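Here is the structure we will look at, set down as structure tokens.
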Amino acid sequence: MATNVVSAVATKEGASLRPAAKPPSDAVIRSLAADDQVLLTKLLTEPKDYVDHADFSKRGTEGKLFGCDAKLVNPRATRFCEKTDPMRDLPTGGARVPTLSSEQEVLMFMRLNFARMRISELLAKYAGKGLPATGTRQLLAWGRRALNTRGTIVRLNMPLVLAMAKRTRLTNIDFNEMISEGNMALLRSVEKFDCSRGFKFSTYSCRAILKSFSRVAMRASRYRGYFPTEFDPAMERSDFQDRRREGVVADCVDELKEILLDNLAGLSEVERTVIHERFAIGKPVFEGQKASKTLEQVGNIIGVTKERVRQIQNNALKKIRVALESGFLAA
């Protein structure tokens with residue numbers, strides 16, 4: 001896993017124009033839990049932007065937002081102490097999702113962007129250098145705070161997507177696809193919303209969600225232009241070539257019968273006898289009885305060995321093939 005973190009950061013550095021913070025030593029990475037290693041890779045490789053706020057530069061802002069200053073649970077932990085959480089009374093999964101007040105909404109977005117600001121500051125502090133153990137744990141702790149806050153915001157505002165999808169009357173568009181696009185628009189809105197402007201998040205996000213529905217409709221319209229009918233499994237594979245091949249085979253059989261009947265291949269009497277007896281041409285087939293004869297049986301009829309019968313048969317088939325290719329197949 002340590003190799004994955006280092007290689008991911010190296011790839012990011014190769015594609016970026018500005019130096020990035022380098023991963024910590026292998027010993028530090030190995031001391032982290034698996035989910036912490038995954039989070040560390042994301043923090044070191046994905047761009048970290050935040051929406052600034054005038055209060056971020058004021059003393060005591062961190063304590064007001066999170067209930068206490070950033071202090072790790074213990075020196076080897078990757079999480080901060082959470083003595084008091086202003087949002088601890090919000091319901092979890094299964095309970096009815098409440099509507100946040102303006103003050104609660106501002107608090108949530110300030111917490112999110114403050115945590116992202118701290119992440120950006122740590123990455124800038126160690127730009128071009130390897131993260132020490134303390135810096136790595138601080139970075140992970142702020143990353144956890146940012147993820148938890150964003151998850152709470154998204155969970156509390158997901159009913160907006162469903163409400164907008166029900167209000168939007170778009171025919172011939174899958175409802176699940178609309179919900180998926182709306183959720184992606186909600187996530188993008190959370191990343192870009194500026195609570196200092198004084199607007200409710202629903203005002204900003206609903207417009208983004210409706211625009212995502214419009215994109216779904218435009219994409220569906222273009223798809224309908226290319227594919228005007230629904231998918232039909234029966235049309236997935238055409239049997240035209242198979243039917244054409246069967247028709248050619250049937251015509252070849254008819255032509256072969258005509259060649260043998262009129263002797264268009266110029267076969268001698270011995271050759272005609274060998275072909276008719278070997279392949280039972282023109283003879284009825286009785287149940288439980290083989291109409292065709294073996295080489296030895298044909299040899300007894302014309303008075304030669306079975307090897308000579310094989311030679312006569314091959315020579316006759318060659319003449320028939322030439323007649324068939326120069327006649328029917330040539331056309």
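Ordering of the structure tokens sets the chain letters (A, B, ...); residue numbers start at 1 within each chain; ligands are numbered from 1 in the order shown.
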Determine, using only C-alpha atoms, which residues of range 135-168 of chain A have any atom at most 12 Å from an atom of range 183-198 of chain A, and tabulate each with its shortest atom pair and distance in Å to one decimal place, rows ordered by chain and then rising number, as JSON lines.
```
{"residue": "A:Ala146", "atom": "CA", "partner": "A:Glu191", "partner_atom": "CA", "distance": 10.9}
{"residue": "A:Leu147", "atom": "CA", "partner": "A:Glu191", "partner_atom": "CA", "distance": 11.5}
{"residue": "A:Thr149", "atom": "CA", "partner": "A:Val190", "partner_atom": "CA", "distance": 10.5}
{"residue": "A:Arg150", "atom": "CA", "partner": "A:Val190", "partner_atom": "CA", "distance": 7.4}
{"residue": "A:Gly151", "atom": "CA", "partner": "A:Leu187", "partner_atom": "CA", "distance": 9.5}
{"residue": "A:Thr152", "atom": "CA", "partner": "A:Val190", "partner_atom": "CA", "distance": 10.8}
{"residue": "A:Ile153", "atom": "CA", "partner": "A:Val190", "partner_atom": "CA", "distance": 7.6}
{"residue": "A:Val154", "atom": "CA", "partner": "A:Leu187", "partner_atom": "CA", "distance": 6.9}
{"residue": "A:Arg155", "atom": "CA", "partner": "A:Leu186", "partner_atom": "CA", "distance": 10.2}
{"residue": "A:Leu156", "atom": "CA", "partner": "A:Leu186", "partner_atom": "CA", "distance": 11.0}
{"residue": "A:Asn157", "atom": "CA", "partner": "A:Leu186", "partner_atom": "CA", "distance": 8.0}
{"residue": "A:Met158", "atom": "CA", "partner": "A:Asn183", "partner_atom": "CA", "distance": 7.2}
{"residue": "A:Pro159", "atom": "CA", "partner": "A:Asn183", "partner_atom": "CA", "distance": 9.9}
{"residue": "A:Leu160", "atom": "CA", "partner": "A:Leu186", "partner_atom": "CA", "distance": 8.7}
{"residue": "A:Val161", "atom": "CA", "partner": "A:Asn183", "partner_atom": "CA", "distance": 6.5}
{"residue": "A:Leu162", "atom": "CA", "partner": "A:Asn183", "partner_atom": "CA", "distance": 9.2}
{"residue": "A:Ala163", "atom": "CA", "partner": "A:Asn183", "partner_atom": "CA", "distance": 11.9}
{"residue": "A:Met164", "atom": "CA", "partner": "A:Asn183", "partner_atom": "CA", "distance": 11.0}
{"residue": "A:Ala165", "atom": "CA", "partner": "A:Asn183", "partner_atom": "CA", "distance": 10.7}
```
Take the selection from the previous step and output its residues with N, CA and C atoms, as a compact mmCIF listing (two decimals), in the first residue's frame.
```
# COMPACT_ATOMS: atom_id res chain seq x y z
N ALA A 146 -13.32 17.18 7.14
CA ALA A 146 -13.92 17.67 5.89
C ALA A 146 -14.87 16.64 5.30
N LEU A 147 -14.47 15.36 5.30
CA LEU A 147 -15.33 14.31 4.75
C LEU A 147 -16.61 14.15 5.56
N THR A 149 -18.10 16.34 7.47
CA THR A 149 -18.98 17.51 7.32
C THR A 149 -19.66 17.50 5.96
N ARG A 150 -18.91 17.20 4.92
CA ARG A 150 -19.51 17.15 3.59
C ARG A 150 -20.58 16.06 3.51
N GLY A 151 -20.30 14.91 4.11
CA GLY A 151 -21.29 13.83 4.11
C GLY A 151 -22.57 14.24 4.81
N THR A 152 -22.45 14.98 5.90
CA THR A 152 -23.65 15.44 6.60
C THR A 152 -24.44 16.41 5.75
N ILE A 153 -23.75 17.35 5.11
CA ILE A 153 -24.45 18.33 4.26
C ILE A 153 -25.18 17.63 3.12
N VAL A 154 -24.50 16.70 2.49
CA VAL A 154 -25.12 16.00 1.35
C VAL A 154 -26.33 15.19 1.83
N ARG A 155 -26.19 14.48 2.94
CA ARG A 155 -27.30 13.66 3.43
C ARG A 155 -28.53 14.50 3.77
N LEU A 156 -28.29 15.67 4.35
CA LEU A 156 -29.42 16.51 4.75
C LEU A 156 -30.09 17.20 3.56
N ASN A 157 -29.40 17.27 2.42
CA ASN A 157 -29.96 17.98 1.27
C ASN A 157 -30.34 17.05 0.12
N MET A 158 -30.16 15.75 0.29
CA MET A 158 -30.55 14.82 -0.77
C MET A 158 -32.04 14.84 -1.09
N PRO A 159 -32.94 15.13 -0.11
CA PRO A 159 -34.36 15.25 -0.49
C PRO A 159 -34.63 16.32 -1.54
N LEU A 160 -33.72 17.31 -1.68
CA LEU A 160 -33.90 18.32 -2.73
C LEU A 160 -33.89 17.68 -4.11
N VAL A 161 -33.01 16.71 -4.29
CA VAL A 161 -32.90 16.05 -5.60
C VAL A 161 -34.20 15.33 -5.93
N LEU A 162 -34.73 14.59 -4.97
CA LEU A 162 -35.97 13.87 -5.20
C LEU A 162 -37.14 14.82 -5.46
N ALA A 163 -37.18 15.92 -4.72
CA ALA A 163 -38.27 16.89 -4.91
C ALA A 163 -38.19 17.53 -6.29
N MET A 164 -36.98 17.88 -6.72
CA MET A 164 -36.82 18.49 -8.05
C MET A 164 -37.15 17.48 -9.16
N ALA A 165 -36.77 16.21 -8.95
CA ALA A 165 -37.05 15.19 -9.96
C ALA A 165 -38.55 14.96 -10.11
```
Excluding Val274 in chain A and its own-chain neighbours fewer than 5 positions away, which residues fall within 12 Å of it when counting only C-alpha atoms? Please give them as a PDB file with C-alpha atoms, in the first residue's frame.
```pdb
ATOM      1  CA  LEU A 267     -17.335 -38.727 -66.702  1.00  0.00           C
ATOM      2  CA  SER A 268     -16.656 -42.187 -68.107  1.00  0.00           C
ATOM      3  CA  GLU A 269     -19.033 -45.060 -67.401  1.00  0.00           C
ATOM      4  CA  PHE A 279     -22.633 -41.675 -52.642  1.00  0.00           C
ATOM      5  CA  ALA A 280     -25.925 -43.530 -53.301  1.00  0.00           C
ATOM      6  CA  ILE A 281     -27.074 -40.988 -55.849  1.00  0.00           C
ATOM      7  CA  SER A 292     -23.814 -45.879 -49.935  1.00  0.00           C
ATOM      8  CA  LYS A 293     -21.165 -48.567 -50.475  1.00  0.00           C
ATOM      9  CA  THR A 294     -17.613 -48.870 -49.259  1.00  0.00           C
ATOM     10  CA  LEU A 295     -14.574 -48.733 -51.523  1.00  0.00           C
ATOM     11  CA  GLU A 296     -14.216 -52.494 -51.306  1.00  0.00           C
ATOM     12  CA  GLN A 297     -17.888 -53.083 -52.228  1.00  0.00           C
ATOM     13  CA  VAL A 298     -17.625 -50.790 -55.240  1.00  0.00           C
ATOM     14  CA  GLY A 299     -14.374 -52.533 -56.233  1.00  0.00           C
ATOM     15  CA  ASN A 300     -16.205 -55.890 -56.268  1.00  0.00           C
ATOM     16  CA  ILE A 301     -18.834 -54.418 -58.600  1.00  0.00           C
ATOM     17  CA  ILE A 302     -16.392 -53.069 -61.222  1.00  0.00           C
ATOM     18  CA  GLY A 303     -13.688 -55.704 -60.609  1.00  0.00           C
ATOM     19  CA  VAL A 304     -10.799 -53.585 -59.229  1.00  0.00           C
ATOM     20  CA  LYS A 306     -10.379 -50.523 -53.345  1.00  0.00           C
ATOM     21  CA  ARG A 308      -8.042 -48.164 -57.549  1.00  0.00           C
ATOM     22  CA  VAL A 309     -11.638 -47.230 -56.671  1.00  0.00           C
ATOM     23  CA  ARG A 310     -10.282 -44.342 -54.531  1.00  0.00           C
ATOM     24  CA  GLN A 311      -8.200 -43.088 -57.457  1.00  0.00           C
ATOM     25  CA  ILE A 312     -11.191 -43.233 -59.838  1.00  0.00           C
ATOM     26  CA  GLN A 313     -13.397 -41.483 -57.263  1.00  0.00           C
ATOM     27  CA  ASN A 314     -10.916 -38.629 -56.695  1.00  0.00           C
ATOM     28  CA  ASN A 315     -10.443 -38.104 -60.432  1.00  0.00           C
ATOM     29  CA  ALA A 316     -14.240 -38.024 -60.964  1.00  0.00           C
ATOM     30  CA  LEU A 317     -14.760 -35.537 -58.101  1.00  0.00           C
TER      31      LEU A 317
END
```
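Relative to CA of Leu122 in chain A, CA of Asp52 in chain A is found at 15.9 Å.
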Original post:
Interatomic distance between CA of Gly67 in chain A and CA of Phe201 in chain A?
Top reply: 23.4 Å
**OP:** Please identify all polymer residues within 9 Å of range 250-257 of chain A, counting only C-alpha atoms, omitting same-chain residues fewer than 4 positions from it, and present them as a list in words.
**Re:** Arg245, Glu246, Leu261, Asp262, Ile281, Ile320, Leu324, Gly327, Phe328 and Leu329 of chain A
**OP:** Apply DSSP to the backbone of this structure and, from range 48-237 of chain A, keep only the residues in strand (DSSP E or B); write these as a VMD selection string.
**Re:** chain A and resid 72 80 127 130
**OP:** Could you give me the residues within range 23-251 of chain A that DSSP places in alpha helix (DSSP H), as a VMD selection string?
**Re:** chain A and resid 26 to 30 34 to 45 61 to 66 102 to 125 133 to 167 175 to 192 201 to 226 240 to 251
Original post:
A:Thr136, A:Tyr50, A:Ala20, A:Met108: which is nearest Leu72 in chain A, counting only C-alpha atoms?
Top reply: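 Of A:Thr136, A:Tyr50, A:Ala20, A:Met108, the one nearest Leu72 in chain A, counting only C-alpha atoms, is A:Thr136.
The residue that comes closest to Lys211 in chain A, out of A:Pro24, A:Gly266, A:Gly182, A:Pro132 and on the basis of only C-alpha atoms, is A:Gly182.
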Subject >> Point-to-point distance from CA of Ser102 in chain A to CA of Phe199 in chain A, Å rounded to tenths >> reply: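 Spanning CA of Ser102 in chain A to CA of Phe199 in chain A is a straight-line distance of 8.7 Å.
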